[in-house]
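J.: Handing you a structure now.
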Amino acid sequence: MAASRIISATMSTTIRTMVAAAIAGGLIVAQAAQALAQSVPIVRDAEIEALVRDYARPILRAAGLSKSGIDIILVNDPGFNAFVAGRRMFINTGALLQSETPNEIIGVIAHEAGHIAGGHQERLRQQIARAQTMAIVAGLLGAGAAVAGVASGSREMAAAGGGMAIGGGEAARRSLLGYQRSEEATADRSAITYLEATGQSAKGMLKTFERFQSALSLSGARVDPYQVSHPMPRDRIANLEELARKSPNFDKTDSATLQLRHDLMRAKIAVYTQGQGTAARLLRKAKGGLPAQYADAIGTYLNGSPKAALAKVDALLKAQPKNPYFHELRGDVLMKANKPDLAAEAYQRAVKLDPVKSGILPIALGQALIAKGDPKSLERAVAQVQLGLDRDRENATGYRYLAQAYGQLGDIAAAELATAEGHFYSGNYKDARIFAARAQQRLKPGAPGWVRAQDIINYKAPKKG
Ligand SMILES: [Zn+2]
């Protein structure tokens with residue numbers, strides 16, 4: 001019953017987030033947390049995150065940034081955008097969906113890494129260095145969202161002139177986000193260096209930028225946020241092309257394995273954000289391959305009978321028995337079928353097979369264990385969700401599950417502290433303080449939980465830029 005909520009609201013995010021509230025029932029103020037989660041379009045998905053990090057890792061290393069703790073955050077927005085804020089790189093699902101090859105998105109990551117390494121936008125960085133991720137997105141994405149709303153969708157043409165309808169506040173934000181031309185040239189050159197150092201072609205980057213340039217010059221109406229912040233005059237593209245073609249790697253393509261992971265990711269994003277029809281159109285080229293099968297299985301999970309979905313997931317697993325995300329989907333289907341014990345087994349397999357140890361998968365396992373509901377399962381749920389949160393400290397959804405598990409175990413202080421943490425990491429500091437204070441009333445002063453609650457109460461939220 002709960003699963004369809006995952007994708008209910010258009011701005012909603014997560015490929016997983018929303019399930020718990022419906023299962024919970026209990027004393028936790030799940031609704032508030034859910035509303036908040038829905039207002040911030042961050043996508044949390046183990047498969048997509050792992051892939052995009054695989055794209056970024058060698059580039060960041062080549063840029064000398066691998067020790068800078070650069071976080072990559074996925075934003076659920078159909079417009080093409082990628083931007084850097086502080087030590088976080090934000091990438092829109094629209095950019096992933098529109099990039100036909102890994103190389104195209106890797107090129108964009110390389111260019112953004114060039115901005116980070118070049119210390120561009122220092123003023124913006126200082127302002128938001130201390131802010132929580134969600135607060136940044138809520139504050140900054142306004143500009144991108146407004147523009148992307150006009151451009152809406154990857155192929156739709158916006159009404160002429162609509163892209164210009166941006167208010168004064170947005171204009172200010174744009175100037176804050178926009179790069180200087182000299183910075184663009186520097187970031188391009190750096191990107192080429194990183195791609196060269198990692199033995200990759202700059203063709204994808206060039207293709208993306210050329211597309212933006214022609215889109216602008218042809219219509220003047222369709223504006224992706226990335227175009228707004230990254231000016232692409234003709235001479236810039238010409239210089240980039242000259243540099244790119246000099247490389248012996250120019251005609252190199254991505255490995256078949258990486259391309260398949262990319263296509264599976266695009267299938268997933270398409271079906272979750274734009275429905276089965278769009279996914280089918282997008283995948284027509286794939287001619288019934290695994291990505292098309294994946295989109296079909298997810299679509300059936302979302303809109304069809306769990307039984308039919310399960311058969312399709314099992315067919316996927318026959319092709320790739322060790323794919324953790326196919327097991328994860330199997331867990332999702334079984335949750336929808338109201339079989340939390342079998343779902344827990346599927347998620348457990350996903351956790352075991354996951355090579356990058358995402359926090360998301362143990363939290364999903366915890367969710368299934370909460371649904372089982374017996375005390376032993378609830379205790380296991382606490383341990384699994386805690387494991388997930390240890391790996392992924394800002395996972396607001398995880399705190400909600402943790403709160404539910406504690407609540408059902410009767411540990412109200414721990415439940416309220418977990419709720420406080422969830423609000424805290426969502427950037428909702430006022431509610432975080434309220435729940436931290438409630439937790440403190442049930443805790444011994446000086447105990448670890450009490451101290452953590454006090455930290456939340458004392459936290460000074462950064463001023464909004
Ligand atoms: Zn740029």
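Residue numbering restarts at 1 for every chain of the structure tokens, chains are lettered A, B, ... in their displayed order, and ligands are numbered from 1 as they appear.
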Mind dumping a table of every chain A residue within 10 Å of ligand 1, with the nearest atom pair and its distance in Å to one decimal, using only C-alpha atoms and all ligand atoms, sorted by chain and rising number, as a tab-separated table?
T.:
```
residue	atom	partner	partner_atom_place_in_ligand_line	distance
A:Ala82	CA	ligand 1	1 (Zn)	9.1
A:Phe83	CA	ligand 1	1 (Zn)	8.3
A:Val84	CA	ligand 1	1 (Zn)	9.6
A:Val108	CA	ligand 1	1 (Zn)	8.7
A:Ala110	CA	ligand 1	1 (Zn)	9.9
A:His111	CA	ligand 1	1 (Zn)	6.2
A:Glu112	CA	ligand 1	1 (Zn)	6.2
A:Ala113	CA	ligand 1	1 (Zn)	9.4
A:Gly114	CA	ligand 1	1 (Zn)	8.1
A:His115	CA	ligand 1	1 (Zn)	6.6
A:His120	CA	ligand 1	1 (Zn)	9.4
A:Gly178	CA	ligand 1	1 (Zn)	8.3
A:Tyr179	CA	ligand 1	1 (Zn)	6.2
A:Gln180	CA	ligand 1	1 (Zn)	8.5
A:Arg181	CA	ligand 1	1 (Zn)	8.5
A:Ser182	CA	ligand 1	1 (Zn)	9.7
A:Glu183	CA	ligand 1	1 (Zn)	7.0
A:Glu184	CA	ligand 1	1 (Zn)	4.7
A:Ala185	CA	ligand 1	1 (Zn)	8.1
A:Thr186	CA	ligand 1	1 (Zn)	8.7
A:Ala187	CA	ligand 1	1 (Zn)	6.2
A:Asp188	CA	ligand 1	1 (Zn)	7.5
A:Tyr226	CA	ligand 1	1 (Zn)	8.2
A:Gln227	CA	ligand 1	1 (Zn)	9.0
A:Val228	CA	ligand 1	1 (Zn)	10.0
A:Ser229	CA	ligand 1	1 (Zn)	7.0
A:His230	CA	ligand 1	1 (Zn)	4.6
A:Pro231	CA	ligand 1	1 (Zn)	7.5
A:Met232	CA	ligand 1	1 (Zn)	8.8
```
J.: Go ahead and save the picked residues with C-alpha atoms, as a PDB file, in the first residue's frame.
T.:
```pdb
ATOM      1  CA  ALA A  82      25.527  20.376 -12.556  1.00  0.00           C
ATOM      2  CA  PHE A  83      26.956  22.849 -10.114  1.00  0.00           C
ATOM      3  CA  VAL A  84      29.386  23.133  -7.303  1.00  0.00           C
ATOM      4  CA  VAL A 108      30.679  17.605 -17.199  1.00  0.00           C
ATOM      5  CA  ALA A 110      35.575  17.055 -15.108  1.00  0.00           C
ATOM      6  CA  HIS A 111      34.570  20.613 -15.983  1.00  0.00           C
ATOM      7  CA  GLU A 112      32.943  21.140 -12.574  1.00  0.00           C
ATOM      8  CA  ALA A 113      36.013  19.668 -10.880  1.00  0.00           C
ATOM      9  CA  GLY A 114      37.969  22.312 -12.789  1.00  0.00           C
ATOM     10  CA  HIS A 115      35.839  24.987 -11.123  1.00  0.00           C
ATOM     11  CA  HIS A 120      36.018  29.655  -8.487  1.00  0.00           C
ATOM     12  CA  GLY A 178      27.232  32.407 -12.859  1.00  0.00           C
ATOM     13  CA  TYR A 179      30.847  31.884 -13.791  1.00  0.00           C
ATOM     14  CA  GLN A 180      33.177  34.429 -15.363  1.00  0.00           C
ATOM     15  CA  ARG A 181      34.285  33.731 -18.907  1.00  0.00           C
ATOM     16  CA  SER A 182      37.879  33.439 -17.764  1.00  0.00           C
ATOM     17  CA  GLU A 183      36.778  30.842 -15.217  1.00  0.00           C
ATOM     18  CA  GLU A 184      35.030  28.855 -17.939  1.00  0.00           C
ATOM     19  CA  ALA A 185      38.167  28.764 -20.052  1.00  0.00           C
ATOM     20  CA  THR A 186      40.216  27.651 -17.042  1.00  0.00           C
ATOM     21  CA  ALA A 187      37.723  24.937 -16.100  1.00  0.00           C
ATOM     22  CA  ASP A 188      37.692  23.658 -19.707  1.00  0.00           C
ATOM     23  CA  TYR A 226      23.556  24.862 -16.860  1.00  0.00           C
ATOM     24  CA  GLN A 227      23.520  27.254 -19.801  1.00  0.00           C
ATOM     25  CA  VAL A 228      22.645  30.122 -17.534  1.00  0.00           C
ATOM     26  CA  SER A 229      25.578  29.555 -15.208  1.00  0.00           C
ATOM     27  CA  HIS A 230      28.068  28.446 -17.866  1.00  0.00           C
ATOM     28  CA  PRO A 231      28.272  30.918 -20.746  1.00  0.00           C
ATOM     29  CA  MET A 232      29.110  29.114 -24.005  1.00  0.00           C
TER      30      MET A 232
END
```
J.: List the neighbours of A:Leu353 out to 7 Å using only C-alpha atoms; skip same-chain residues closer than 4 positions along the sequence, and give me the result as a CSV table (one decimal) with N, CA and C atoms, in the first residue's frame.
T.:
```
chain,number,residue,atom,x,y,z
A,322,LYS,N,24.3,-11.3,-9.3
A,322,LYS,CA,25.0,-10.6,-8.2
A,322,LYS,C,24.8,-9.1,-8.3
A,324,PRO,N,23.4,-6.1,-6.9
A,324,PRO,CA,22.7,-5.7,-5.7
A,324,PRO,C,21.4,-5.0,-5.9
A,349,ARG,N,20.5,-9.6,0.9
A,349,ARG,CA,21.4,-10.0,-0.2
A,349,ARG,C,22.0,-8.7,-0.8
```
J.: Might you pull out every residue within 10 Å of A:Val52, with only C-alpha atoms counted and same-chain residues fewer than 5 positions away left off, and present them as an NGL selection string?
T.: :A and (47 or 57 or 72-74 or 91 or 96 or 102 or 105-106 or 109 or 262 or 265)
J.: Grab the residues selected above and save them as a compact mmCIF listing (two decimals), in the first residue's frame with C-alpha atoms.
T.:
```txt
# COMPACT_ATOMS: atom_id res chain seq x y z
CA GLU A 47 22.73 2.38 -7.69
CA ARG A 57 36.47 9.23 -8.49
CA ILE A 72 28.14 14.30 -4.95
CA ILE A 73 24.46 15.09 -4.49
CA LEU A 74 21.80 14.06 -6.99
CA ILE A 91 24.08 16.85 -10.50
CA LEU A 96 22.13 11.93 -16.26
CA PRO A 102 29.10 7.82 -19.41
CA ILE A 105 28.52 13.10 -17.92
CA ILE A 106 32.14 12.40 -16.95
CA ILE A 109 32.05 16.30 -13.89
CA HIS A 262 24.74 3.88 -17.51
CA MET A 265 20.60 4.04 -14.57
```
J.: With DSSP run on the backbone, what are the helix (DSSP H, G or I) residues within stretch 240-446 of chain A? I'd like them as a PyMOL selection string.
T.: chain A and resi 240-246+256-282+284-286+290-303+306-319+324-336+340-353+360-372+375-391+396-409+412-425+429-442
J.: So which one's closest to A:Leu334, A:Tyr347, A:Tyr294, A:Phe209, A:Tyr194? Using only C-alpha atoms, please.
T.: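 Closest to A:Leu334 of all the choices is A:Tyr347.
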J.: Name the residues in contact with stretch 309-314 of chain A at a cut-off of 7 Å, using only C-alpha atoms, excluding same-chain residues fewer than 2 positions from it; report them as a list in words.
T.: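 Those residues are Ala297, Thr300, Tyr301, Ser305, Pro306, Lys307, Leu316, Leu317, Lys318, Phe326, Arg330 and Val333 of chain A.
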J.: Could you dump the residues just selected with N, CA, C and O atoms as a compact mmCIF listing (two decimals), in the first residue's frame?
T.:
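Output file part17.txt follows:
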```txt
# COMPACT_ATOMS: atom_id res chain seq x y z
N ALA A 297 10.36 -3.84 -15.44
CA ALA A 297 10.18 -4.41 -14.10
C ALA A 297 9.84 -3.32 -13.08
O ALA A 297 8.93 -3.48 -12.26
N THR A 300 6.34 -2.05 -13.67
CA THR A 300 5.34 -2.99 -13.18
C THR A 300 5.27 -2.96 -11.65
O THR A 300 4.19 -3.05 -11.07
N TYR A 301 6.40 -2.81 -11.03
CA TYR A 301 6.43 -2.64 -9.56
C TYR A 301 5.63 -1.41 -9.14
O TYR A 301 4.83 -1.46 -8.21
N SER A 305 0.88 -5.35 -10.76
CA SER A 305 0.75 -6.29 -9.65
C SER A 305 2.14 -6.72 -9.18
O SER A 305 3.04 -6.93 -10.00
N PRO A 306 2.30 -6.85 -7.88
CA PRO A 306 3.60 -7.30 -7.35
C PRO A 306 4.00 -8.65 -7.92
O PRO A 306 5.18 -8.91 -8.16
N LYS A 307 2.99 -9.50 -8.16
CA LYS A 307 3.30 -10.84 -8.67
C LYS A 307 3.97 -10.76 -10.04
O LYS A 307 4.99 -11.40 -10.31
N LEU A 316 15.47 -10.61 -14.41
CA LEU A 316 16.67 -9.76 -14.35
C LEU A 316 17.77 -10.46 -13.56
O LEU A 316 18.95 -10.44 -13.94
N LEU A 317 17.38 -11.06 -12.45
CA LEU A 317 18.36 -11.72 -11.58
C LEU A 317 18.98 -12.94 -12.25
O LEU A 317 20.09 -13.32 -11.92
N LYS A 318 18.23 -13.52 -13.16
CA LYS A 318 18.80 -14.64 -13.91
C LYS A 318 19.97 -14.14 -14.77
O LYS A 318 20.99 -14.81 -14.91
N PHE A 326 19.26 -5.19 -8.32
CA PHE A 326 18.15 -6.07 -8.70
C PHE A 326 17.57 -6.72 -7.44
O PHE A 326 16.35 -6.86 -7.31
N ARG A 330 13.88 -6.31 -5.85
CA ARG A 330 13.10 -7.46 -5.41
C ARG A 330 12.53 -7.20 -4.00
O ARG A 330 11.37 -7.50 -3.72
N VAL A 333 9.62 -4.81 -4.28
CA VAL A 333 8.42 -5.49 -4.77
C VAL A 333 7.77 -6.29 -3.63
O VAL A 333 6.55 -6.24 -3.44
```
J.: So, with only C-alpha atoms as the atoms that count, which of A:Leu389, A:Val43, A:Ala346, A:Ala405 lies closest to A:Pro375?
T.: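 Checking each candidate against A:Pro375, we get A:Ala405 as the closest.
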J.: Contacts of A:Ile116 at 10 Å or less, counting only C-alpha atoms, minus same-chain residues fewer than 6 places along, as a VMD selection string?
T.: chain A and resid 60 63 65 70 83 to 89 110 122 125 187
J.: Let's have the selection written as a CSV table (one decimal), in the first residue's frame, with C-alpha atoms.
T.:
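Saved file selection.csv follows:
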```csv
chain,number,residue,atom,x,y,z
A,60,LEU,CA,38.7,14.0,-8.6
A,63,ALA,CA,42.2,17.1,-10.0
A,65,LEU,CA,40.6,16.7,-4.9
A,70,ILE,CA,33.8,16.2,-2.3
A,83,PHE,CA,27.0,22.8,-10.1
A,84,VAL,CA,29.4,23.1,-7.3
A,85,ALA,CA,28.6,24.6,-3.9
A,86,GLY,CA,31.2,24.4,-1.2
A,87,ARG,CA,32.6,20.9,-1.2
A,88,ARG,CA,29.4,19.5,-2.8
A,89,MET,CA,28.9,18.8,-6.5
A,110,ALA,CA,35.6,17.1,-15.1
A,122,GLU,CA,34.9,31.6,-3.6
A,125,ARG,CA,31.6,28.9,-1.1
A,187,ALA,CA,37.7,24.9,-16.1
```
J.: Determine, counting only C-alpha atoms, which protein, DNA and RNA residues have an atom within 8 Å of an atom of A:Arg234; residues of the same chain fewer than 3 positions away are not included. Present the result as a count of residues only.
T.: 3
J.: To one decimal place in Å, what is the distance between atom CA of A:Met335 and atom CA of A:Ala371?
T.: 8.6 Å
J.: So, with only C-alpha atoms as the atoms that count, which of A:Ile192, A:Ala461, A:Ala344, A:Leu51 lies closest to A:Ala368?
T.: A:Ala344
J.: If I take atom CA of A:Asn92 and atom CA of A:Tyr425, how far is one from the other in Å, to one decimal?
T.: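 So the answer is 20.6 Å.
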